[in-house]
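A.B. asks: For reference, this is my_file-v4.cif, and it has mmCIF, C-alpha atoms.
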data_protein
#
loop_
_atom_site.label_atom_id
_atom_site.label_comp_id
_atom_site.auth_asym_id
_atom_site.auth_seq_id
_atom_site.Cartn_x
_atom_site.Cartn_y
_atom_site.Cartn_z
CA MET A 1 -61.03 -104.30 43.20
CA ARG A 2 -63.66 -102.11 44.76
CA LYS A 3 -66.31 -104.72 43.99
CA LYS A 4 -64.32 -107.46 45.80
CA THR A 5 -63.90 -105.25 48.85
CA ILE A 6 -67.62 -104.59 49.05
CA THR A 7 -68.41 -108.29 48.73
CA LEU A 8 -65.92 -109.26 51.48
CA THR A 9 -67.28 -106.61 53.80
CA LEU A 10 -70.80 -107.88 53.25
CA VAL A 11 -69.78 -111.47 54.04
CA ILE A 12 -68.04 -110.42 57.27
CA PHE A 13 -71.09 -108.37 58.32
CA VAL A 14 -73.43 -111.32 57.73
CA LEU A 15 -71.09 -113.61 59.68
CA ILE A 16 -70.91 -111.22 62.64
CA ALA A 17 -74.68 -110.80 62.62
CA GLY A 18 -75.10 -114.58 62.69
CA ILE A 19 -72.76 -114.92 65.64
CA ALA A 20 -74.57 -112.15 67.48
CA THR A 21 -77.90 -113.82 66.79
CA PHE A 22 -76.57 -117.18 68.10
CA ARG A 23 -75.22 -115.59 71.26
CA GLY A 24 -78.48 -113.79 71.79
CA LYS A 25 -80.38 -117.07 71.63
CA GLY A 26 -77.94 -118.61 74.15
CA ARG A 27 -78.44 -115.79 76.61
CA HIS A 28 -82.21 -116.12 76.25
CA ALA A 29 -82.01 -119.87 76.98
CA ALA A 30 -79.80 -119.26 80.03
CA ALA A 31 -82.28 -116.74 81.36
CA ASP A 32 -84.96 -119.46 81.36
CA GLU A 33 -82.83 -121.76 83.49
CA GLU A 34 -83.18 -121.91 87.27
CA ILE A 35 -80.12 -123.16 89.11
CA VAL A 36 -79.84 -124.13 92.77
CA VAL A 37 -76.69 -124.93 94.71
CA VAL A 38 -76.19 -128.00 96.90
CA LYS A 39 -75.90 -126.73 100.47
CA ARG A 40 -74.80 -128.23 103.78
CA GLY A 41 -76.69 -127.79 107.02
CA ASP A 42 -79.30 -129.27 109.35
CA VAL A 43 -82.62 -130.55 108.00
CA VAL A 44 -85.63 -130.85 110.31
CA ALA A 45 -88.71 -132.97 109.55
CA LYS A 46 -91.96 -131.89 111.21
CA ALA A 47 -95.54 -133.01 111.58
CA THR A 48 -97.60 -129.82 111.48
CA GLU A 49 -101.12 -129.57 112.89
CA THR A 50 -103.38 -127.36 114.99
CA GLY A 51 -104.89 -128.10 118.37
CA SER A 52 -106.32 -126.50 121.49
CA LEU A 53 -104.98 -125.93 124.99
CA GLU A 54 -106.38 -127.50 128.12
CA PRO A 55 -105.07 -127.86 131.69
CA THR A 56 -103.25 -131.05 132.59
CA ASN A 57 -105.23 -131.33 135.82
CA ILE A 58 -108.85 -130.26 136.28
CA VAL A 59 -110.75 -131.19 139.46
CA GLU A 60 -114.52 -131.02 139.85
CA ILE A 61 -115.41 -129.90 143.37
CA LYS A 62 -118.49 -131.59 144.85
CA SER A 63 -120.10 -131.66 148.26
CA GLU A 64 -119.77 -134.75 150.42
CA GLN A 65 -123.27 -134.09 151.69
CA ALA A 66 -126.54 -132.98 150.16
CA GLY A 67 -127.64 -129.61 151.44
CA GLU A 68 -127.79 -125.86 150.95
CA VAL A 69 -124.90 -123.66 149.86
CA LYS A 70 -124.59 -121.25 152.80
CA LYS A 71 -121.43 -119.41 151.73
CA LEU A 72 -118.99 -119.22 148.81
CA PHE A 73 -115.46 -118.06 149.58
CA VAL A 74 -114.20 -117.77 145.97
CA ARG A 75 -115.22 -116.43 142.58
CA SER A 76 -114.52 -117.60 139.04
CA GLY A 77 -110.96 -116.71 138.06
CA ASP A 78 -109.64 -116.64 141.63
CA THR A 79 -106.32 -118.27 142.43
CA VAL A 80 -106.52 -120.67 145.37
CA GLU A 81 -104.07 -122.61 147.50
CA ALA A 82 -104.46 -126.23 148.52
CA GLY A 83 -106.51 -126.42 151.73
CA GLN A 84 -108.14 -123.03 151.24
CA PRO A 85 -111.89 -122.86 152.10
CA LEU A 86 -114.10 -122.84 149.02
CA ALA A 87 -117.68 -123.20 150.24
CA ARG A 88 -119.79 -124.03 153.28
CA ILE A 89 -122.68 -126.47 152.95
CA GLN A 90 -125.46 -126.93 155.50
CA GLN A 91 -126.61 -130.50 155.49
CA GLU A 92 -130.07 -131.17 154.06
CA SER A 93 -132.64 -131.60 156.86
CA THR A 94 -133.75 -135.17 156.10
CA GLN A 95 -130.19 -136.35 155.72
CA ALA A 96 -129.18 -134.43 158.83
CA ARG A 97 -131.92 -136.19 160.82
CA ARG A 98 -130.77 -139.62 159.64
CA VAL A 99 -127.16 -138.83 160.46
CA ALA A 100 -128.16 -137.48 163.87
CA GLU A 101 -130.09 -140.67 164.62
CA ALA A 102 -127.17 -142.83 163.53
CA ARG A 103 -124.75 -140.81 165.64
CA ALA A 104 -127.03 -141.03 168.67
CA THR A 105 -127.22 -144.80 168.25
CA ILE A 106 -123.44 -145.01 168.10
CA GLU A 107 -123.16 -143.01 171.32
CA GLN A 108 -125.68 -145.23 173.08
CA GLU A 109 -124.03 -148.45 171.91
CA ARG A 110 -120.65 -147.09 172.99
CA LEU A 111 -121.98 -146.53 176.51
CA ASN A 112 -123.53 -150.02 176.52
CA LEU A 113 -120.21 -151.52 175.46
CA GLU A 114 -118.34 -149.70 178.22
CA GLU A 115 -120.84 -150.97 180.80
CA ALA A 116 -120.60 -154.54 179.46
CA GLU A 117 -116.80 -154.33 179.51
CA ARG A 118 -116.79 -153.20 183.15
CA GLU A 119 -119.21 -155.98 184.13
CA TYR A 120 -117.10 -158.62 182.37
CA ASN A 121 -113.92 -157.42 184.10
CA ARG A 122 -115.70 -157.49 187.49
CA MET A 123 -116.97 -161.05 186.91
CA LYS A 124 -113.54 -162.16 185.75
CA GLU A 125 -111.94 -160.89 188.94
CA LEU A 126 -114.60 -162.62 191.08
CA PHE A 127 -114.19 -165.86 189.14
CA GLU A 128 -110.42 -165.86 189.70
CA LYS A 129 -111.08 -165.50 193.44
CA GLY A 130 -113.60 -168.33 193.38
CA PHE A 131 -116.62 -166.23 194.24
CA VAL A 132 -118.63 -166.94 191.05
CA ALA A 133 -119.09 -169.89 188.75
CA ARG A 134 -117.62 -170.13 185.24
CA LYS A 135 -121.13 -169.99 183.81
CA GLU A 136 -121.63 -166.48 185.19
CA LEU A 137 -118.28 -165.38 183.71
CA GLU A 138 -119.22 -166.81 180.31
CA SER A 139 -122.57 -165.04 180.44
CA ALA A 140 -120.83 -161.69 181.13
CA GLN A 141 -118.40 -162.37 178.29
CA LYS A 142 -121.26 -163.08 175.90
CA LEU A 143 -122.99 -159.83 176.89
CA ARG A 144 -119.75 -157.93 176.27
CA ASP A 145 -119.25 -159.57 172.85
CA ASN A 146 -122.84 -158.79 171.82
CA ALA A 147 -122.36 -155.17 172.91
CA GLN A 148 -119.25 -154.97 170.74
CA ILE A 149 -121.19 -156.34 167.76
CA ARG A 150 -124.01 -153.81 168.24
CA TYR A 151 -121.50 -150.97 168.53
CA ASP A 152 -119.76 -152.03 165.30
CA LEU A 153 -123.11 -152.33 163.53
CA SER A 154 -124.13 -148.84 164.64
CA LYS A 155 -120.97 -147.38 163.12
CA ARG A 156 -121.60 -149.34 159.94
CA GLN A 157 -125.10 -147.88 159.78
CA LEU A 158 -123.63 -144.37 159.90
CA LEU A 159 -121.33 -145.24 157.00
CA LEU A 160 -124.32 -146.50 155.00
CA THR A 161 -126.25 -143.33 155.81
CA LEU A 162 -123.31 -141.36 154.42
CA SER A 163 -123.45 -143.45 151.21
CA GLY A 164 -120.15 -145.12 151.97
CA ASN A 165 -118.18 -141.87 152.18
CA LYS A 166 -115.35 -142.98 154.46
CA ALA A 167 -113.71 -139.56 154.64
CA LEU A 168 -116.92 -137.94 155.86
CA TYR A 169 -117.57 -140.91 158.14
CA GLU A 170 -114.21 -140.37 159.84
CA LYS A 171 -114.98 -136.67 160.25
CA TYR A 172 -118.20 -137.53 162.07
CA LEU A 173 -116.50 -140.02 164.34
CA GLN A 174 -113.92 -137.42 165.32
CA ARG A 175 -116.59 -134.90 166.31
CA ASP A 176 -118.24 -134.80 169.70
CA LEU A 177 -121.21 -137.10 169.22
CA THR A 178 -123.13 -135.36 172.01
CA SER A 179 -122.71 -131.82 170.63
CA ASP A 180 -125.61 -129.86 169.17
CA GLU A 181 -123.54 -127.89 166.66
CA PRO A 182 -125.14 -127.47 163.20
CA ASP A 183 -124.11 -129.99 160.59
CA ASP A 184 -122.31 -127.48 158.38
CA PHE A 185 -119.34 -128.61 156.34
CA THR A 186 -116.63 -126.49 154.82
CA ILE A 187 -115.24 -127.70 151.50
CA HIS A 188 -111.52 -127.07 150.98
CA ALA A 189 -109.44 -126.87 147.81
CA PRO A 190 -107.75 -130.23 147.10
CA LEU A 191 -105.03 -128.52 145.03
CA SER A 192 -103.54 -125.14 144.26
CA GLY A 193 -104.80 -123.62 141.04
CA THR A 194 -107.37 -121.36 139.42
CA VAL A 195 -111.16 -121.47 139.72
CA LEU A 196 -112.13 -122.03 136.10
CA GLU A 197 -115.86 -122.22 136.60
CA LEU A 198 -118.26 -121.53 139.46
CA SER A 199 -121.45 -123.53 138.94
CA VAL A 200 -123.57 -122.74 142.02
CA SER A 201 -124.74 -119.75 144.01
CA VAL A 202 -125.55 -119.14 147.67
CA GLY A 203 -128.90 -120.65 148.63
CA GLU A 204 -128.80 -123.35 145.99
CA ILE A 205 -129.56 -126.94 147.00
CA VAL A 206 -126.88 -129.42 145.95
CA SER A 207 -126.83 -133.21 145.88
CA SER A 208 -124.12 -135.34 147.39
CA GLY A 209 -121.19 -136.31 145.22
CA THR A 210 -121.09 -139.73 146.85
CA SER A 211 -124.65 -140.92 146.31
CA GLY A 212 -126.87 -141.81 143.40
CA PHE A 213 -126.01 -142.28 139.77
CA SER A 214 -125.81 -138.58 138.88
CA GLY A 215 -122.49 -138.16 140.66
CA GLY A 216 -123.70 -135.15 142.62
CA THR A 217 -123.71 -131.42 141.93
CA THR A 218 -120.50 -129.85 140.68
CA LEU A 219 -119.88 -126.72 142.73
CA MET A 220 -116.88 -125.50 140.76
CA LYS A 221 -113.88 -126.59 138.71
CA ILE A 222 -110.30 -125.90 139.74
CA ALA A 223 -107.34 -126.37 137.41
CA ASP A 224 -103.59 -126.26 137.83
CA LEU A 225 -102.54 -124.00 134.95
CA SER A 226 -98.78 -124.26 135.54
CA LYS A 227 -98.65 -126.96 132.89
CA MET A 228 -100.89 -127.28 129.86
CA TRP A 229 -101.76 -129.90 127.29
CA VAL A 230 -102.20 -129.38 123.59
CA LYS A 231 -104.35 -132.06 122.02
CA THR A 232 -104.26 -132.51 118.27
CA LYS A 233 -105.15 -135.14 115.69
CA ILE A 234 -102.45 -136.55 113.39
CA ASN A 235 -103.32 -138.19 110.07
CA GLU A 236 -102.61 -141.92 109.80
CA VAL A 237 -100.10 -141.13 107.01
CA ASN A 238 -97.88 -139.26 109.49
CA ILE A 239 -98.65 -140.93 112.82
CA GLY A 240 -95.90 -143.52 112.33
CA GLN A 241 -93.33 -140.72 112.52
CA VAL A 242 -94.65 -139.36 115.82
CA LYS A 243 -93.30 -140.86 119.05
CA ALA A 244 -93.64 -140.11 122.75
CA GLY A 245 -90.83 -137.89 123.98
CA GLN A 246 -90.41 -135.95 120.74
CA SER A 247 -90.04 -132.18 120.98
CA ALA A 248 -92.68 -129.81 119.67
CA GLU A 249 -92.85 -126.10 118.92
CA ILE A 250 -96.11 -124.37 119.85
CA ARG A 251 -97.22 -121.02 118.44
CA LEU A 252 -100.37 -119.17 119.44
CA ASP A 253 -102.15 -116.26 117.80
CA ALA A 254 -102.99 -114.99 121.28
CA VAL A 255 -99.28 -114.78 122.21
CA PRO A 256 -97.49 -113.51 119.08
CA ASN A 257 -93.70 -113.70 118.61
CA GLN A 258 -93.47 -116.43 121.24
CA ILE A 259 -92.53 -120.07 120.64
CA TYR A 260 -93.36 -122.50 123.44
CA GLN A 261 -91.42 -125.73 123.72
CA GLY A 262 -93.45 -128.87 124.33
CA ARG A 263 -93.03 -132.63 124.48
CA VAL A 264 -95.21 -135.46 123.17
CA VAL A 265 -96.50 -137.34 126.22
CA LYS A 266 -99.28 -139.53 124.82
CA ILE A 267 -100.39 -141.06 121.51
CA SER A 268 -103.82 -142.65 121.36
CA PRO A 269 -103.61 -146.31 120.29
CA LYS A 270 -107.07 -146.06 118.72
CA GLY A 271 -107.76 -144.11 115.55
CA GLU A 272 -110.87 -142.07 114.80
CA LYS A 273 -112.46 -142.23 111.34
CA ASN A 274 -114.20 -139.15 109.99
CA ASN A 275 -115.07 -138.66 106.30
CA ASN A 276 -112.88 -141.67 105.47
CA ILE A 277 -109.87 -140.00 107.10
CA VAL A 278 -108.29 -141.77 110.07
CA THR A 279 -106.56 -139.66 112.71
CA TYR A 280 -104.94 -140.36 116.08
CA GLU A 281 -105.08 -138.05 119.08
CA VAL A 282 -101.67 -136.83 120.22
CA THR A 283 -101.14 -135.03 123.54
CA ILE A 284 -98.30 -132.55 124.01
CA GLU A 285 -97.31 -131.07 127.37
CA LEU A 286 -95.84 -127.60 127.75
CA ASP A 287 -94.83 -125.32 130.60
CA ASN A 288 -97.07 -122.39 131.51
CA SER A 289 -95.24 -120.98 134.51
CA ASP A 290 -95.85 -117.43 133.25
CA GLN A 291 -99.63 -118.16 133.22
CA ARG A 292 -100.05 -116.50 129.80
CA LEU A 293 -101.67 -119.56 128.27
CA LYS A 294 -105.39 -120.06 128.81
CA PRO A 295 -107.64 -123.09 128.28
CA SER A 296 -109.20 -123.45 124.80
CA MET A 297 -106.61 -121.25 123.04
CA THR A 298 -105.87 -122.43 119.48
CA ALA A 299 -102.30 -123.63 118.95
CA ASN A 300 -100.21 -124.20 115.83
CA ILE A 301 -98.05 -127.25 116.40
CA ASP A 302 -94.81 -128.47 114.83
CA ILE A 303 -93.78 -131.89 116.16
CA ILE A 304 -90.08 -132.51 115.44
CA THR A 305 -90.16 -136.05 114.04
CA ASP A 306 -86.54 -136.26 112.82
CA VAL A 307 -83.36 -134.17 112.49
CA ALA A 308 -80.41 -134.72 110.13
CA LYS A 309 -77.37 -132.64 111.11
CA ASP A 310 -74.59 -131.37 108.84
CA VAL A 311 -75.95 -132.96 105.68
CA LEU A 312 -76.19 -132.04 102.00
CA TYR A 313 -79.61 -130.97 100.81
CA LEU A 314 -81.55 -129.61 97.84
CA PRO A 315 -85.06 -128.29 97.25
CA LEU A 316 -87.54 -131.06 96.49
CA ILE A 317 -88.37 -129.41 93.16
CA ALA A 318 -84.84 -130.17 91.93
CA LEU A 319 -85.54 -133.91 91.65
CA ASN A 320 -85.93 -135.78 88.37
CA GLN A 321 -86.77 -139.41 87.70
CA ASN A 322 -84.51 -141.58 85.52
CA ASP A 323 -85.75 -145.13 84.93
CA GLY A 324 -87.67 -144.93 88.20
CA LYS A 325 -84.63 -143.73 90.13
CA SER A 326 -83.98 -140.31 91.62
CA ALA A 327 -81.64 -138.03 89.69
CA VAL A 328 -80.83 -134.35 89.14
CA THR A 329 -79.52 -132.34 86.19
CA LEU A 330 -75.99 -131.35 87.23
CA ARG A 331 -74.18 -128.41 85.61
CA LEU A 332 -70.56 -129.54 85.15
CA PRO A 333 -67.61 -127.10 85.42
CA SER A 334 -67.22 -127.43 81.62
CA GLY A 335 -70.68 -125.93 81.20
CA GLU A 336 -72.20 -129.19 80.05
CA ASP A 337 -75.24 -130.71 81.74
CA GLN A 338 -75.35 -134.26 83.10
CA LEU A 339 -78.20 -136.36 84.49
CA ARG A 340 -76.72 -137.52 87.81
CA PRO A 341 -78.27 -140.41 89.84
CA ILE A 342 -78.44 -139.63 93.56
CA VAL A 343 -79.33 -141.38 96.82
CA LEU A 344 -81.86 -139.59 99.00
CA GLY A 345 -82.21 -139.32 102.76
CA LEU A 346 -84.49 -137.40 105.12
CA ARG A 347 -87.01 -135.04 103.58
CA ASN A 348 -89.42 -132.44 104.85
CA GLU A 349 -92.04 -130.28 103.15
CA SER A 350 -89.47 -128.29 101.14
CA VAL A 351 -86.03 -129.94 100.99
CA ILE A 352 -84.45 -133.38 100.81
CA THR A 353 -81.07 -134.61 101.97
CA ILE A 354 -78.56 -136.18 99.57
CA THR A 355 -76.44 -139.08 100.86
CA GLU A 356 -74.66 -139.97 97.58
CA GLY A 357 -74.07 -138.47 94.15
CA LEU A 358 -73.43 -134.78 94.89
CA LYS A 359 -71.07 -132.56 96.85
CA GLU A 360 -71.44 -129.19 98.51
CA GLY A 361 -71.49 -126.34 96.02
CA ASP A 362 -72.63 -128.41 93.03
CA GLN A 363 -75.00 -126.56 90.71
CA VAL A 364 -78.26 -128.28 89.87
CA ILE A 365 -80.66 -127.14 87.14
CA LEU A 366 -84.28 -127.23 88.14
CA PRO A 367 -86.63 -129.17 85.85
CA LYS A 368 -88.56 -127.01 83.38
CA ARG A 369 -91.95 -125.93 84.69
CA ASN A 370 -94.97 -124.94 82.69
CA SER A 371 -96.52 -121.50 82.84
CA LYS A 372 -99.11 -122.56 85.44
CA GLU A 373 -96.38 -123.82 87.79
CA ARG A 374 -94.43 -120.59 87.31
CA ALA A 375 -97.51 -118.60 88.22
#
Translate the structure described by the file into structure tokens.

C.D. replies:
Amino acid sequence: MRKKTITLTLVIFVLIAGIATFRGKGRHAAADEEIVVVKRGDVVAKATETGSLEPTNIVEIKSEQAGEVKKLFVRSGDTVEAGQPLARIQQESTQARRVAEARATIEQERLNLEEAEREYNRMKELFEKGFVARKELESAQKLRDNAQIRYDLSKRQLLLTLSGNKALYEKYLQRDLTSDEPDDFTIHAPLSGTVLELSVSVGEIVSSGTSGFSGGTTLMKIADLSKMWVKTKINEVNIGQVKAGQSAEIRLDAVPNQIYQGRVVKISPKGEKNNNIVTYEVTIELDNSDQRLKPSMTANIDIITDVAKDVLYLPLIALNQNDGKSAVTLRLPSGEDQLRPIVLGLRNESVITITEGLKEGDQVILPKRNSKERA
């Protein structure tokens, strides 16, 4: 009897040990599993790149006349208002002489025209009274017409001397042609903004911005910094997702903890190829009313290419392939696993939306990864 009891006890002990060993293996297997839950929320797709800031409007200030810089009223970094004096230029002597000669000719031809006009009117009055012949009236009219032609030609010569600069031409015509005042010209700011760069100094000789092929000497550059552009290059793989009007989030190392909101305003229709990679320039506009942004700052850009609201989504790493179709390993309430086909929607760099096949709260087992992937 004692022998039977010992044998039975031994069998029960072995059985319990086997069960314990089995359960231990199950717990070990479960510990290797990674499970994610199907969630509901908004999914945002982005095109992420870097770029640099530049003003939306930069104006190069040039002199209308060649000459010497006599005075500068601003320095680099100054804020200016539209119409504010920037510099005074004294016209170059040779040019000044030519202009003076042209202006003197205009004045003389104007006087000749006035005299011819008076003579014509006098002859017309005498002709109407029968005191002179028609031939004399026609002769006076011809003299008046020729005087008008010479006067018009003299003004045209001044315009040519000024290299076709109509604005400067009008300024000269409005001045007293008989005055001896020096031919100094004050250059005014065409817009409100900031002096980005001052390129000349007092005493320097500058060329006209309206003559020659060089385009003249740039005195300074003024920019309106209230709005800025970020220019970036988007890979051809992603450019189809980027459209004008899309929102963008701009982050800058120089302004930490601040996200600037921008908008895509331009997409270059022509790609640029570099090292066999084709990119397209994209321009984003953003507000800079606080003036914290400066030209050439590096920007990190997220262009919002698509948004799916109130949708089901999973991490991309949860996907399997079953006969070329997307599927996931679903953990059923019974504890069993099932390969479930699914229909996918919008994706971004980390998650993908599910349009069919799953519901919120479903548990999905991630595919097994090797040791390198785990690391």

A.B. asks: With all atoms listed in the file as the atoms that count, which of A:Glu109, A:Thr232, A:Gly209, A:Leu252 lies nearest to Gly164 in chain A?

C.D. replies: A:Gly209

A.B. asks: Could you tell me how far CA of Glu170 in chain A lies from CA of Lys62 in chain A, in Å and to one decimal?

C.D. replies: 17.9 Å

A.B. asks: Report as a list in words the residues that result from applying the PyMOL selection byres ((chain A and resi 241) around 9) to the structure here.

C.D. replies: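 Against this file, the PyMOL selection byres ((chain A and resi 241) around 9) returns the residues Ala47, Val237, Asn238, Ile239, Gly240, Val242, Lys243, Thr305 and Asp306 of chain A.
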
A.B. asks: Starting from the displayed file, determine the output of the PyMOL selection byres ((chain A and resi 119) around 12) and express the residue list as a list in words.

C.D. replies: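 Evaluating the PyMOL selection byres ((chain A and resi 119) around 12) on this file yields Asn112, Leu113, Glu114, Glu115, Ala116, Glu117, Arg118, Tyr120, Asn121, Arg122, Met123, Lys124, Glu125, Leu126, Glu136, Leu137, Glu138, Ser139, Ala140, Gln141, Lys142, Leu143, Arg144, Asp145 and Ala147 of chain A.
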
A.B. asks: Selected by the PyMOL selection byres ((chain A and resi 89) around 8) in the shown coordinates: which residues, as a list in words?

C.D. replies: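 Applying the expression gives Ser63, Gln65, Gly67, Glu68, Val69, Lys70, Lys71, Ala87, Arg88, Gln90, Gln91, Asp184, Phe185, Thr186 and Ile187 of chain A.
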
A.B. asks: Kindly save the residues from that selection, with C-alpha atoms included, as a PDB file, keeping the file's coordinate frame.

C.D. replies:
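See selection_5.pdb below for the written result:
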ATOM      1  CA  SER A  63    -120.100-131.660 148.260  1.00  0.00           C
ATOM      2  CA  GLN A  65    -123.270-134.090 151.690  1.00  0.00           C
ATOM      3  CA  GLY A  67    -127.640-129.610 151.440  1.00  0.00           C
ATOM      4  CA  GLU A  68    -127.790-125.860 150.950  1.00  0.00           C
ATOM      5  CA  VAL A  69    -124.900-123.660 149.860  1.00  0.00           C
ATOM      6  CA  LYS A  70    -124.590-121.250 152.800  1.00  0.00           C
ATOM      7  CA  LYS A  71    -121.430-119.410 151.730  1.00  0.00           C
ATOM      8  CA  ALA A  87    -117.680-123.200 150.240  1.00  0.00           C
ATOM      9  CA  ARG A  88    -119.790-124.030 153.280  1.00  0.00           C
ATOM     10  CA  GLN A  90    -125.460-126.930 155.500  1.00  0.00           C
ATOM     11  CA  GLN A  91    -126.610-130.500 155.490  1.00  0.00           C
ATOM     12  CA  ASP A 184    -122.310-127.480 158.380  1.00  0.00           C
ATOM     13  CA  PHE A 185    -119.340-128.610 156.340  1.00  0.00           C
ATOM     14  CA  THR A 186    -116.630-126.490 154.820  1.00  0.00           C
ATOM     15  CA  ILE A 187    -115.240-127.700 151.500  1.00  0.00           C
TER      16      ILE A 187
END

A.B. asks: Would you mind telling me which residue in A:Thr355, A:Gln321, A:Ser296, A:Asn275 lies nearest to Ala308 in chain A when using only C-alpha atoms?

C.D. replies: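 Checking each of A:Thr355, A:Gln321, A:Ser296, A:Asn275 against Ala308 in chain A, counting only C-alpha atoms, the winner is A:Thr355.
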
A.B. asks: Rank nothing, just name the residue among A:Lys266, A:Lys294, A:Arg75, A:Arg110 nearest to Val200 in chain A, using only C-alpha atoms.

C.D. replies: A:Arg75
